[in-house]
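Engineer: Got a file for you: work.tsv, TSV, C-alpha atoms and all ligand atoms.
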chain	number	residue	atom	x	y	z
A	1	MET	CA	-4.37	25.70	22.78
A	2	PRO	CA	-0.63	25.08	23.28
A	3	ASN	CA	-0.99	21.41	24.11
A	4	ALA	CA	-4.14	19.64	23.03
A	5	ASP	CA	-3.25	16.69	25.24
A	6	ASN	CA	-4.14	18.75	28.32
A	7	ALA	CA	-7.58	19.45	26.98
A	8	GLY	CA	-10.91	17.73	27.61
A	9	PRO	CA	-12.69	15.70	24.91
A	10	ASP	CA	-14.69	18.58	23.45
A	11	ALA	CA	-11.61	20.77	23.43
A	12	VAL	CA	-9.77	18.13	21.40
A	13	THR	CA	-12.48	18.24	18.73
A	14	ALA	CA	-12.44	22.04	18.81
A	15	GLU	CA	-8.66	22.04	18.46
A	16	ALA	CA	-8.82	19.63	15.51
A	17	ARG	CA	-11.42	21.86	13.86
A	18	ARG	CA	-9.29	24.99	14.43
A	19	ILE	CA	-6.25	23.28	12.94
A	20	MET	CA	-8.03	21.83	9.91
A	21	GLU	CA	-9.62	25.19	9.14
A	22	LEU	CA	-6.22	26.87	9.29
A	23	CYS	CA	-4.68	24.10	7.16
A	24	ASN	CA	-7.45	24.59	4.62
A	25	ILE	CA	-6.38	28.23	4.28
A	26	CYS	CA	-2.67	27.43	4.21
A	27	ARG	CA	-2.74	24.20	2.11
A	28	TYR	CA	1.04	23.94	2.21
A	29	CYS	CA	0.85	20.26	3.21
A	30	ASN	CA	-1.65	19.09	0.60
A	31	GLY	CA	1.05	17.07	-1.15
A	32	TYR	CA	1.98	15.11	1.98
A	33	CYS	CA	-0.99	12.86	2.58
A	34	ALA	CA	-4.66	12.10	2.05
A	35	VAL	CA	-5.66	13.98	5.22
A	36	PHE	CA	-5.03	17.42	3.76
A	37	ARG	CA	-6.53	16.53	0.40
A	38	ALA	CA	-9.67	15.23	2.12
A	39	ALA	CA	-9.80	18.38	4.27
A	40	ALA	CA	-9.50	20.52	1.16
A	41	ARG	CA	-12.75	18.99	-0.11
A	42	ARG	CA	-14.61	20.55	2.83
A	43	ARG	CA	-15.61	23.99	3.87
A	44	ARG	CA	-16.87	22.93	7.28
A	45	PHE	CA	-15.89	20.03	9.51
A	46	SER	CA	-18.49	18.00	11.38
A	47	ASP	CA	-17.36	15.93	14.36
A	48	GLY	CA	-17.62	12.85	12.11
A	49	ASP	CA	-15.47	14.51	9.45
A	50	LEU	CA	-12.76	15.24	11.99
A	51	GLN	CA	-12.74	11.69	13.36
A	52	TYR	CA	-12.54	10.41	9.78
A	53	LEU	CA	-9.52	12.64	9.09
A	54	ALA	CA	-7.94	11.51	12.35
A	55	ASN	CA	-8.15	7.87	11.26
A	56	LEU	CA	-6.82	8.74	7.82
A	57	CYS	CA	-3.66	10.12	9.46
A	58	HIS	CA	-0.80	7.60	9.70
A	59	ASP	CA	1.29	9.76	12.04
A	60	CYS	CA	4.10	10.18	9.50
A	61	ARG	CA	4.82	13.65	10.95
A	62	ASN	CA	5.77	15.26	7.65
A	63	CYS	CA	3.29	18.04	8.34
A	64	TYR	CA	4.65	18.76	11.81
A	65	TYR	CA	8.21	19.40	10.60
A	66	ALA	CA	7.04	21.28	7.52
A	67	CYS	CA	4.71	23.59	9.39
A	68	GLN	CA	5.81	27.18	9.90
A	69	TYR	CA	3.07	27.49	12.53
A	70	ALA	CA	4.15	24.54	14.69
A	71	PRO	CA	5.20	25.22	18.30
A	72	PRO	CA	6.74	27.51	19.45
A	73	HIS	CA	4.77	29.64	16.96
A	74	PRO	CA	1.74	31.16	18.76
A	75	PHE	CA	-0.61	29.26	16.39
A	76	ALA	CA	0.81	26.05	17.92
A	77	ILE	CA	-0.32	23.85	15.02
A	78	ASN	CA	0.44	20.25	15.97
A	79	VAL	CA	-1.47	18.06	13.54
A	80	PRO	CA	-0.07	14.62	14.50
A	81	GLN	CA	-0.64	15.17	18.20
A	82	THR	CA	-4.18	16.46	17.82
A	83	LEU	CA	-5.24	13.80	15.33
A	84	ALA	CA	-3.74	11.06	17.54
A	85	LEU	CA	-5.90	12.24	20.43
A	86	LEU	CA	-8.98	12.40	18.25
A	87	ARG	CA	-8.25	9.00	16.74
A	88	HIS	CA	-8.08	7.45	20.18
A	89	ARG	CA	-11.34	9.17	21.08
A	90	SER	CA	-13.06	7.87	17.94
A	91	TRP	CA	-12.29	4.28	18.98
A	92	ARG	CA	-13.76	4.97	22.41
A	93	ASP	CA	-16.86	6.80	21.09
A	94	HIS	CA	-17.78	3.98	18.71
A	95	ALA	CA	-16.90	1.01	20.91
A	96	TRP	CA	-19.50	-1.76	20.95
A	97	PRO	CA	-21.08	-2.37	23.35
A	98	GLN	CA	-20.71	1.27	24.26
A	99	PRO	CA	-19.83	0.80	27.98
A	100	MET	CA	-16.67	-0.98	26.80
A	101	GLY	CA	-15.50	2.39	25.48
A	102	GLN	CA	-14.37	3.13	29.01
A	103	TYR	CA	-11.73	0.46	28.48
A	104	PHE	CA	-9.86	3.01	26.35
A	105	HIS	CA	-9.39	5.13	29.44
A	106	ARG	CA	-5.91	4.25	30.73
A	107	ASN	CA	-5.85	1.64	27.99
A	108	GLY	CA	-2.25	0.58	28.58
A	109	LEU	CA	-2.99	-0.44	32.16
A	110	ALA	CA	-6.26	-2.15	31.22
A	111	VAL	CA	-4.69	-4.20	28.41
A	112	GLY	CA	-1.74	-5.12	30.63
A	113	VAL	CA	-3.98	-6.33	33.47
A	114	VAL	CA	-6.21	-8.41	31.17
A	115	THR	CA	-3.18	-9.97	29.47
A	116	LEU	CA	-1.46	-10.93	32.71
A	117	ALA	CA	-4.73	-12.23	34.17
A	118	LEU	CA	-5.46	-14.50	31.20
A	119	VAL	CA	-1.89	-15.80	31.13
A	120	ALA	CA	-2.15	-16.56	34.86
A	121	VAL	CA	-5.50	-18.34	34.36
A	122	MET	CA	-4.12	-20.49	31.55
A	123	VAL	CA	-1.03	-21.42	33.56
A	124	ALA	CA	-3.22	-22.29	36.55
A	125	LEU	CA	-5.59	-24.41	34.44
A	126	VAL	CA	-2.76	-26.36	32.85
A	127	ALA	CA	-1.09	-26.85	36.23
A	128	ALA	CA	-4.37	-27.93	37.80
A	129	GLN	CA	-4.95	-30.69	35.27
A	130	GLY	CA	-1.57	-32.09	36.28
A	131	ALA	CA	0.10	-31.91	32.92
A	132	GLY	CA	3.28	-33.85	33.42
A	133	PRO	CA	6.54	-33.65	31.57
A	134	ALA	CA	6.26	-33.92	27.82
A	135	PRO	CA	7.13	-37.40	26.65
A	136	ALA	CA	9.81	-38.02	24.12
A	137	ALA	CA	9.36	-36.55	20.69
A	138	ASP	CA	9.24	-39.89	18.94
A	139	ASP	CA	6.26	-41.37	20.77
A	140	GLY	CA	3.91	-38.68	19.59
A	141	ALA	CA	2.56	-38.00	23.06
A	142	GLY	CA	4.25	-34.63	23.36
A	143	ALA	CA	1.48	-33.02	21.33
A	144	PHE	CA	0.20	-29.63	22.41
A	145	TYR	CA	-3.26	-31.10	22.18
A	146	GLY	CA	-2.34	-33.59	24.89
A	147	VAL	CA	-1.96	-30.64	27.25
A	148	VAL	CA	-4.90	-28.56	26.02
A	149	PRO	CA	-7.36	-30.55	23.88
A	150	TRP	CA	-7.73	-29.28	20.33
A	151	GLY	CA	-11.50	-28.94	20.72
A	152	ALA	CA	-11.20	-26.81	23.85
A	153	MET	CA	-8.47	-24.68	22.26
A	154	VAL	CA	-10.52	-24.03	19.14
A	155	ALA	CA	-13.76	-23.44	21.06
A	156	VAL	CA	-12.31	-20.88	23.46
A	157	ALA	CA	-10.18	-19.08	20.85
A	158	GLY	CA	-13.03	-19.18	18.32
A	159	LEU	CA	-15.56	-17.74	20.76
A	160	ALA	CA	-13.18	-14.99	21.85
A	161	LEU	CA	-12.17	-14.08	18.31
A	162	GLY	CA	-15.73	-14.33	17.02
A	163	TRP	CA	-17.03	-11.98	19.67
A	164	SER	CA	-14.19	-9.54	19.10
A	165	LEU	CA	-14.66	-9.48	15.34
A	166	LEU	CA	-18.39	-8.87	15.86
A	167	ALA	CA	-17.67	-6.05	18.33
A	168	LEU	CA	-15.06	-4.53	16.05
A	169	GLY	CA	-17.40	-4.76	13.07
A	170	MET	CA	-20.17	-3.01	15.00
A	171	SER	CA	-17.72	-0.31	16.13
A	172	VAL	CA	-16.46	0.36	12.63
A	173	ALA	CA	-20.02	0.35	11.25
A	174	ALA	CA	-20.97	3.06	13.78
A	175	PHE	CA	-17.84	5.01	12.85
A	176	TRP	CA	-18.66	4.60	9.16
A	177	ARG	CA	-22.18	5.97	9.65
A	178	SER	CA	-20.85	8.91	11.66
A	179	THR	CA	-18.61	9.91	8.77
A	180	GLY	CA	-21.41	10.48	6.31
A	181	TRP	CA	-22.90	7.23	5.04
A	182	ARG	CA	-26.68	7.57	5.03
A	183	GLY	CA	-27.65	4.18	3.64
A	184	THR	CA	-29.01	5.57	0.38
A	185	GLY	CA	-25.73	6.50	-1.24
A	186	TRP	CA	-22.52	8.29	-0.51
A	187	ARG	CA	-22.95	11.98	0.13
A	188	GLY	CA	-20.52	14.84	0.21
A	189	THR	CA	-20.29	17.06	3.27
A	190	ASP	CA	-23.00	19.24	1.81
A	191	GLY	CA	-25.23	16.15	1.85
A	192	ALA	CA	-26.29	16.71	-1.74
A	193	ARG	CA	-24.06	14.60	-3.97
A	194	PRO	CA	-24.65	10.88	-4.31
A	195	ALA	CA	-21.70	8.67	-5.15
A	196	PRO	CA	-21.44	7.88	-8.84
A	197	GLY	CA	-20.88	4.53	-10.43
A	198	GLY	CA	-22.85	2.14	-8.25
A	199	ALA	CA	-21.42	-1.28	-7.38
A	200	SER	CA	-18.50	-1.19	-9.80
A	201	ALA	CA	-17.29	2.13	-8.37
A	202	LEU	CA	-17.58	0.73	-4.86
A	203	ILE	CA	-15.55	-2.35	-5.82
A	204	ALA	CA	-12.89	-0.13	-7.38
A	205	ALA	CA	-12.83	2.02	-4.25
A	206	LEU	CA	-12.54	-1.09	-2.07
A	207	ALA	CA	-9.58	-2.32	-4.13
A	208	GLU	CA	-7.90	1.06	-3.90
A	209	ALA	CA	-8.48	1.32	-0.15
A	210	GLY	CA	-7.21	-2.23	0.34
A	211	ARG	CA	-4.02	-1.40	-1.55
A	212	ASP	CA	-3.53	1.80	0.46
A	213	ALA	CA	-4.05	-0.09	3.74
A	214	LEU	CA	-1.75	-3.00	2.88
A	215	THR	CA	1.04	-0.81	1.52
A	216	LEU	CA	0.66	1.83	4.26
A	217	ARG	CA	0.75	4.36	1.47
A	218	ASN	CA	0.22	7.28	3.81
A	219	LEU	CA	3.21	6.20	5.86
A	220	GLY	CA	5.30	7.12	2.87
A	221	GLY	CA	4.77	10.78	3.63
A	222	GLY	CA	4.98	13.00	0.59
A	223	GLY	CA	7.09	10.38	-1.17
A	224	VAL	CA	10.34	10.96	0.69
A	225	GLY	CA	9.44	8.91	3.76
A	226	CYS	CA	8.31	9.75	7.24
A	227	ASN	CA	9.87	11.84	9.94
A	228	ASP	CA	10.12	8.76	12.11
A	229	ARG	CA	12.28	10.26	14.85
A	230	ASP	CA	13.14	13.84	13.89
A	231	GLU	CA	13.46	16.14	10.86
A	232	GLY	CA	15.32	13.42	8.93
A	233	PHE	CA	13.27	11.37	6.47
A	234	SER	CA	13.10	7.63	6.89
A	235	THR	CA	11.17	4.59	5.67
A	236	ALA	CA	12.14	2.51	8.71
A	237	ARG	CA	8.79	2.65	10.49
A	238	ARG	CA	6.88	1.67	7.39
A	239	ARG	CA	9.25	-1.25	6.68
A	240	LEU	CA	9.24	-2.45	10.29
A	241	HIS	CA	5.46	-2.37	10.32
A	242	HIS	CA	5.44	-4.57	7.21
A	243	VAL	CA	7.97	-6.98	8.75
A	244	MET	CA	5.86	-7.28	11.88
A	245	LEU	CA	2.66	-7.90	9.90
A	246	ALA	CA	4.38	-10.47	7.67
A	247	GLY	CA	5.59	-12.24	10.82
A	248	LEU	CA	2.06	-12.29	12.20
A	249	ALA	CA	0.79	-13.82	8.95
A	250	LEU	CA	3.50	-16.49	9.02
A	251	CYS	CA	2.62	-17.37	12.62
A	252	LEU	CA	-1.01	-17.73	11.63
A	253	ALA	CA	0.05	-19.98	8.74
A	254	SER	CA	2.12	-22.05	11.17
A	255	THR	CA	-0.88	-22.58	13.45
A	256	VAL	CA	-3.14	-23.57	10.56
A	257	THR	CA	-0.49	-25.89	9.12
A	258	ALA	CA	0.09	-27.59	12.46
A	259	SER	CA	-3.62	-28.14	12.82
A	260	ALA	CA	-3.76	-29.69	9.34
A	261	TYR	CA	-0.75	-31.91	10.14
A	262	ASP	CA	-2.58	-33.24	13.17
A	263	HIS	CA	-6.14	-33.55	11.86
A	264	VAL	CA	-5.63	-34.20	8.15
A	265	LEU	CA	-2.29	-36.00	7.96
A	266	GLY	CA	-2.47	-37.63	11.38
A	267	LEU	CA	1.01	-36.37	12.30
A	268	VAL	CA	1.24	-35.62	16.00
A	269	ALA	CA	3.44	-32.84	17.43
A	270	PRO	CA	6.18	-32.09	18.28
A	271	TYR	CA	7.31	-31.66	14.67
A	272	PRO	CA	10.92	-31.71	13.40
A	273	LEU	CA	12.95	-28.54	13.03
A	274	LEU	CA	12.51	-28.43	9.26
A	275	SER	CA	8.80	-29.23	9.19
A	276	LEU	CA	6.48	-26.62	7.74
A	277	PRO	CA	4.79	-25.58	11.03
A	278	VAL	CA	8.11	-25.11	12.79
A	279	VAL	CA	9.78	-23.25	9.91
A	280	LEU	CA	6.79	-20.93	9.44
A	281	GLY	CA	6.45	-20.35	13.18
A	282	THR	CA	10.15	-19.66	13.66
A	283	LEU	CA	10.37	-17.25	10.73
A	284	GLY	CA	7.13	-15.56	11.75
A	285	GLY	CA	8.07	-15.21	15.41
A	286	ALA	CA	11.52	-13.87	14.52
A	287	ALA	CA	10.04	-11.36	12.06
A	288	MET	CA	7.56	-10.18	14.66
A	289	VAL	CA	10.29	-9.71	17.25
A	290	VAL	CA	12.48	-7.76	14.81
A	291	GLY	CA	9.58	-5.58	13.67
A	292	LEU	CA	8.30	-4.92	17.17
A	293	ALA	CA	11.77	-4.20	18.57
A	294	GLY	CA	12.40	-1.70	15.78
A	295	LEU	CA	9.05	0.00	16.24
A	296	ALA	CA	9.64	0.21	19.99
A	297	TRP	CA	13.09	1.71	19.41
A	298	ILE	CA	11.63	4.38	17.12
A	299	LYS	CA	8.88	5.15	19.62
A	300	ALA	CA	11.30	5.40	22.54
A	301	THR	CA	13.81	7.62	20.78
A	302	ARG	CA	11.67	9.89	18.61
A	303	ASP	CA	10.95	13.55	19.12
A	304	PRO	CA	8.21	13.62	21.80
A	305	VAL	CA	6.67	16.99	20.85
A	306	PRO	CA	4.34	15.60	18.12
A	307	ASP	CA	3.36	12.74	20.49
A	308	ALA	CA	0.03	12.66	22.30
A	309	PRO	CA	1.09	11.39	25.76
A	310	ALA	CA	-2.46	10.30	26.62
A	311	THR	CA	-2.35	7.70	23.85
A	312	LEU	CA	1.13	6.32	24.47
A	313	GLY	CA	-0.02	3.77	27.04
A	314	ALA	CA	-2.22	2.11	24.41
A	315	ASP	CA	0.69	2.12	21.92
A	316	TRP	CA	3.09	0.48	24.35
A	317	ALA	CA	0.50	-2.02	25.55
A	318	LEU	CA	-0.08	-3.29	22.02
A	319	LEU	CA	3.63	-3.54	21.32
A	320	GLY	CA	4.09	-5.43	24.59
A	321	GLN	CA	1.15	-7.72	23.93
A	322	LEU	CA	2.39	-8.66	20.45
A	323	PHE	CA	5.93	-9.09	21.77
A	324	LEU	CA	4.64	-11.53	24.39
A	325	VAL	CA	2.75	-13.49	21.72
A	326	ALA	CA	5.85	-13.68	19.50
A	327	THR	CA	8.40	-14.55	22.18
A	328	SER	CA	6.14	-17.05	23.94
A	329	GLY	CA	5.52	-18.71	20.56
A	330	LEU	CA	9.24	-18.94	19.88
A	331	ALA	CA	9.83	-20.29	23.38
A	332	LEU	CA	7.14	-22.91	22.80
A	333	LEU	CA	8.86	-24.03	19.60
A	334	ALA	CA	12.21	-24.22	21.38
A	335	LEU	CA	10.80	-26.14	24.36
A	336	ARG	CA	8.28	-28.29	22.51
A	337	ALA	CA	10.03	-31.59	23.31
A	338	THR	CA	10.98	-30.78	26.89
A	339	PRO	CA	9.15	-30.84	30.24
A	340	ALA	CA	8.76	-27.06	29.98
A	341	MET	CA	6.40	-27.43	27.01
A	342	ALA	CA	3.20	-27.39	29.09
A	343	PRO	CA	3.82	-24.09	30.93
A	344	ALA	CA	5.21	-22.54	27.74
A	345	LEU	CA	2.03	-23.56	25.91
A	346	ALA	CA	-0.12	-22.11	28.70
A	347	ILE	CA	1.69	-18.75	28.55
A	348	HIS	CA	1.44	-18.60	24.76
A	349	LEU	CA	-2.26	-19.51	24.73
A	350	GLY	CA	-2.97	-16.94	27.45
A	351	ALA	CA	-1.18	-14.24	25.45
A	352	VAL	CA	-3.03	-15.13	22.23
A	353	LEU	CA	-6.37	-15.27	24.06
A	354	ALA	CA	-5.71	-11.83	25.56
A	355	LEU	CA	-4.95	-10.47	22.10
A	356	PHE	CA	-8.26	-11.85	20.81
A	357	VAL	CA	-10.28	-10.62	23.79
A	358	THR	CA	-8.90	-7.07	23.76
A	359	LEU	CA	-8.84	-6.69	19.95
A	360	PRO	CA	-11.78	-4.24	19.65
A	361	TYR	CA	-10.78	-2.31	22.77
A	362	CYS	CA	-7.11	-1.62	22.23
A	363	LYS	CA	-4.93	0.08	19.66
A	364	LEU	CA	-5.29	-2.96	17.41
A	365	ALA	CA	-8.66	-1.48	16.44
A	366	HIS	CA	-6.78	1.16	14.48
A	367	GLY	CA	-6.34	-1.20	11.53
A	368	ALA	CA	-10.09	-1.56	10.95
A	369	PHE	CA	-10.87	2.11	11.56
A	370	ARG	CA	-8.06	3.18	9.24
A	371	ALA	CA	-9.22	0.79	6.53
A	372	ALA	CA	-12.71	2.34	6.78
A	373	ALA	CA	-11.24	5.85	6.55
A	374	LEU	CA	-9.18	4.83	3.53
A	375	LEU	CA	-12.30	3.43	1.88
A	376	ARG	CA	-14.14	6.66	2.49
A	377	ALA	CA	-11.20	8.60	1.03
A	378	ALA	CA	-11.21	6.37	-2.06
A	379	VAL	CA	-14.95	6.89	-2.51
A	380	GLU	CA	-14.57	10.64	-2.05
A	381	ARG	CA	-11.95	10.78	-4.76
A	382	ARG	CA	-14.51	9.25	-7.08
A	383	VAL	CA	-17.17	11.67	-5.93
A	384	ALA	CA	-14.72	14.45	-6.70
A	385	GLY	CA	-14.31	12.92	-10.16
A	386	ARG	CA	-10.59	12.22	-9.99
A	387	LEU	CA	-8.53	9.28	-8.79
A	388	LYS	CA	-5.53	11.13	-7.39
A	389	PRO	CA	-6.37	14.70	-6.44
B	1	LIG	S1	0.24	21.83	9.04
B	1	LIG	FE1	0.96	23.96	8.95
B	1	LIG	S2	2.03	24.16	6.99
B	1	LIG	FE2	0.77	22.30	6.89
B	1	LIG	S3	-1.16	22.97	5.94
B	1	LIG	FE3	-1.42	23.07	8.17
B	1	LIG	S4	-0.91	25.17	8.72
B	1	LIG	FE4	-0.09	24.81	6.66
B	2	LIG	S1	-0.34	11.35	7.78
B	2	LIG	FE1	1.51	12.57	8.21
B	2	LIG	S2	1.33	14.41	6.95
B	2	LIG	FE2	-0.70	13.46	7.09
B	2	LIG	S3	-1.73	14.48	8.80
B	2	LIG	FE3	-0.80	12.62	9.59
B	2	LIG	S4	1.20	13.25	10.34
B	2	LIG	FE4	0.49	14.88	8.98
Will you turn the file into structure tokens for me?

Structural biologist:
Amino acid sequence: MPNADNAGPDAVTAEARRIMELCNICRYCNGYCAVFRAAARRRRFSDGDLQYLANLCHDCRNCYYACQYAPPHPFAINVPQTLALLRHRSWRDHAWPQPMGQYFHRNGLAVGVVTLALVAVMVALVAAQGAGPAPAADDGAGAFYGVVPWGAMVAVAGLALGWSLLALGMSVAAFWRSTGWRGTGWRGTDGARPAPGGASALIAALAEAGRDALTLRNLGGGGVGCNDRDEGFSTARRRLHHVMLAGLALCLASTVTASAYDHVLGLVAPYPLLSLPVVLGTLGGAAMVVGLAGLAWIKATRDPVPDAPATLGADWALLGQLFLVATSGLALLALRATPAMAPALAIHLGAVLALFVTLPYCKLAHGAFRAAALLRAAVERRVAGRLKP
């Protein structure tokens, strides 16, 4: 199949199986990443196996540029493209509740519409309650919570995030079961070998998977970096991903700190430039913008042949959604003591709410699915009796 992206769902699975079986004969790429080493532990590939391998892939593209059978060779081996398609399909197949899986169809458009709708609703609600200009910074009445009460903010965000985490957990649990967990112990693909070591082995595997997920180990390629844009090796994508995630963590810390300032210390916003919430929020927002801009630049300028066009809408939608969260947060900090604070707050809250609501049904789900795949890989290495095959 010259281009798996043109194929139907079953054909994508068939193409992934064809490729993995050929790779298992060739084995040239076994040093590049965990995908090939996990494939080498199998003689046959169930649909669950293939979706597991797809989520183990970090799209570093080492294997595409190394492959002597990549297009235009008649074998047309395109591992990153095929696994990207299958990865996207695995999120859809295991979505909870299942009808929401349809949301992954034309995901970029769906995420964009939901985001704009929620931003519009928040702006309309704030406008409808007649939020006037923010008072001067020194009278304490310019607090965000004067525009949207803290209780309402926490209740709505908490409900949305709680539901999304439940849905994502259910999705990943279904994915986990489909990859081989039977509830009585870990089994190899032949179904005959229980995992050794009990709870302590599982804890060790969890620690190893957590380290692999946080360090994006598989985005390091075979040790020389990824083929971010072309045949040249680079660590830019991995670093930018870390910068973006660090920014997100700082923004979260800023929100928590601001809440503590208000409810524990009794200090009402807006806070001074050098206060902890503002410093954390500014650094976090800036880091997110830098990381997202860099990732977008790589995506826009990289070799499109290993891409899976059907999944690009979801990629761009997530980048856009996070960019809106970061820039609206920075704008809110900049405008916090001006009359524009109320609409800026409404836009930021709408963007954050949209991120929470769409979390299990957009590309953001990839983090949880990938963590599960990394855990399975860590357990498998123990089943195979060696830590680093
Ligand atoms: S991607 Fe190509 S070179 Fe790498 S293992 Fe598969 S067939 Fe061999
Ligand atoms: S992680 Fe990289 S080397 Fe491994 S399968 Fe994916 S694109 Fe290929």

Engineer: Show me, as CSV, the residues of chain A having an atom within 9 Å of ligand LIG 2 (chain B), each with the closest atom pair and its distance in Å, using only C-alpha atoms and all ligand atoms.

Structural biologist:
residue,atom,partner,partner_atom,distance
A:Cys29,CA,B:LIG2,S2,7.0
A:Asn30,CA,B:LIG2,S2,8.4
A:Gly31,CA,B:LIG2,S2,8.5
A:Tyr32,CA,B:LIG2,S2,5.1
A:Cys33,CA,B:LIG2,FE2,4.6
A:Ala34,CA,B:LIG2,FE2,6.6
A:Val35,CA,B:LIG2,FE2,5.3
A:Phe36,CA,B:LIG2,S3,6.7
A:Leu53,CA,B:LIG2,S3,8.0
A:Ala54,CA,B:LIG2,FE3,7.7
A:Asn55,CA,B:LIG2,FE3,8.9
A:Leu56,CA,B:LIG2,S1,7.0
A:Cys57,CA,B:LIG2,FE3,3.8
A:His58,CA,B:LIG2,S1,4.2
A:Asp59,CA,B:LIG2,S4,3.9
A:Cys60,CA,B:LIG2,FE1,3.8
A:Arg61,CA,B:LIG2,S4,3.7
A:Asn62,CA,B:LIG2,S2,4.6
A:Cys63,CA,B:LIG2,FE4,4.3
A:Tyr64,CA,B:LIG2,FE4,6.4
A:Ala66,CA,B:LIG2,S2,9.0
A:Asn78,CA,B:LIG2,FE4,8.8
A:Val79,CA,B:LIG2,FE4,5.9
A:Pro80,CA,B:LIG2,S4,4.6
A:Gln81,CA,B:LIG2,S4,8.3
A:Leu83,CA,B:LIG2,FE3,7.4
A:Ala84,CA,B:LIG2,FE3,8.6
A:Asn218,CA,B:LIG2,S1,5.7
A:Leu219,CA,B:LIG2,S1,6.5
A:Gly220,CA,B:LIG2,FE1,8.5
A:Gly221,CA,B:LIG2,FE1,5.9
A:Gly222,CA,B:LIG2,S2,7.5
A:Cys226,CA,B:LIG2,FE1,7.4
A:Asn227,CA,B:LIG2,FE1,8.6
A:Pro306,CA,B:LIG2,S4,8.7

Engineer: Find the residues with any atom within 12 Å of (-12.3, -9.0, 13.9); use all atoms listed in the file and the coordinates as given in the file, and write the answer as a CSV table (one decimal) with C-alpha atoms, keeping the file's coordinate frame.

Structural biologist:
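Resulting contents of part28.csv:
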chain,number,residue,atom,x,y,z
A,158,GLY,CA,-13.0,-19.2,18.3
A,159,LEU,CA,-15.6,-17.7,20.8
A,160,ALA,CA,-13.2,-15.0,21.8
A,161,LEU,CA,-12.2,-14.1,18.3
A,162,GLY,CA,-15.7,-14.3,17.0
A,163,TRP,CA,-17.0,-12.0,19.7
A,164,SER,CA,-14.2,-9.5,19.1
A,165,LEU,CA,-14.7,-9.5,15.3
A,166,LEU,CA,-18.4,-8.9,15.9
A,167,ALA,CA,-17.7,-6.0,18.3
A,168,LEU,CA,-15.1,-4.5,16.0
A,169,GLY,CA,-17.4,-4.8,13.1
A,170,MET,CA,-20.2,-3.0,15.0
A,171,SER,CA,-17.7,-0.3,16.1
A,172,VAL,CA,-16.5,0.4,12.6
A,355,LEU,CA,-5.0,-10.5,22.1
A,356,PHE,CA,-8.3,-11.8,20.8
A,357,VAL,CA,-10.3,-10.6,23.8
A,358,THR,CA,-8.9,-7.1,23.8
A,359,LEU,CA,-8.8,-6.7,20.0
A,360,PRO,CA,-11.8,-4.2,19.6
A,361,TYR,CA,-10.8,-2.3,22.8
A,364,LEU,CA,-5.3,-3.0,17.4
A,365,ALA,CA,-8.7,-1.5,16.4
A,366,HIS,CA,-6.8,1.2,14.5
A,367,GLY,CA,-6.3,-1.2,11.5
A,368,ALA,CA,-10.1,-1.6,11.0
A,369,PHE,CA,-10.9,2.1,11.6

Engineer: Please check which protein, DNA or RNA residues sit within 6 Å of ligand LIG 1 (chain B), counting all atoms listed in the file, and write them as a PDB file with C-alpha atoms, in the frame of the given file.

Structural biologist:
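Result went into selection.pdb, see below:
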ATOM      1  CA  LEU A  22      -6.220  26.870   9.290  1.00  0.00           C
ATOM      2  CA  CYS A  23      -4.680  24.100   7.160  1.00  0.00           C
ATOM      3  CA  CYS A  26      -2.670  27.430   4.210  1.00  0.00           C
ATOM      4  CA  ARG A  27      -2.740  24.200   2.110  1.00  0.00           C
ATOM      5  CA  TYR A  28       1.040  23.940   2.210  1.00  0.00           C
ATOM      6  CA  CYS A  29       0.850  20.260   3.210  1.00  0.00           C
ATOM      7  CA  CYS A  63       3.290  18.040   8.340  1.00  0.00           C
ATOM      8  CA  ALA A  66       7.040  21.280   7.520  1.00  0.00           C
ATOM      9  CA  CYS A  67       4.710  23.590   9.390  1.00  0.00           C
ATOM     10  CA  GLN A  68       5.810  27.180   9.900  1.00  0.00           C
ATOM     11  CA  TYR A  69       3.070  27.490  12.530  1.00  0.00           C
TER      12      TYR A  69
END

Engineer: Using all atoms listed in the file, which of the listed residues (A:Thr13, A:Gln98, A:Thr82, A:Thr255) sits closest to Phe45 of chain A?

Structural biologist: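 Of A:Thr13, A:Gln98, A:Thr82, A:Thr255, the one nearest Phe45 of chain A is A:Thr13, counting all atoms listed in the file.
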
Engineer: Please measure the separation of atom CA of Leu319 of chain A and atom CA of Gly112 of chain A, giving the value in Å to one decimal.

Structural biologist: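 About the pair atom CA of Leu319 of chain A and atom CA of Gly112 of chain A: they are 10.9 Å apart.
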
Engineer: What gap, in Å, lies between atom CA of Glu231 of chain A and atom CA of Arg217 of chain A?

Structural biologist: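 Taking atom CA of Glu231 of chain A as the start and atom CA of Arg217 of chain A as the end point, the length is 19.7 Å.
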
Engineer: If I take atom CA of Ala70 of chain A and atom CA of Gly108 of chain A, how far is one from the other in Å, to one decimal?

Structural biologist: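 Between atom CA of Ala70 of chain A and atom CA of Gly108 of chain A the gap works out to 28.4 Å.
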
Engineer: Measuring between all atoms listed in the file, which one of A:Trp91, A:Ala155, A:Lys363, A:Pro339 shows the shortest distance to Gly320 of chain A?

Structural biologist: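 Among A:Trp91, A:Ala155, A:Lys363, A:Pro339, it is A:Lys363 that comes nearest to Gly320 of chain A.
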
Engineer: Point out the residue among A:Ala260, A:Leu273, A:Leu86, A:Ala174 with the least atom-to-atom distance to Leu333 of chain A, counting only C-alpha atoms.

Structural biologist: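 Among the listed residues, the smallest separation from Leu333 of chain A belongs to A:Leu273.
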
Engineer: At a cut-off of 12 Å, using all atoms listed in the file, what residues contact Val113 of chain A? Leave out same-chain residues fewer than 5 positions from it and give the result as a PyMOL selection string.

Structural biologist: chain A and resi 103+106-108+118-120+317+321+351+354+358
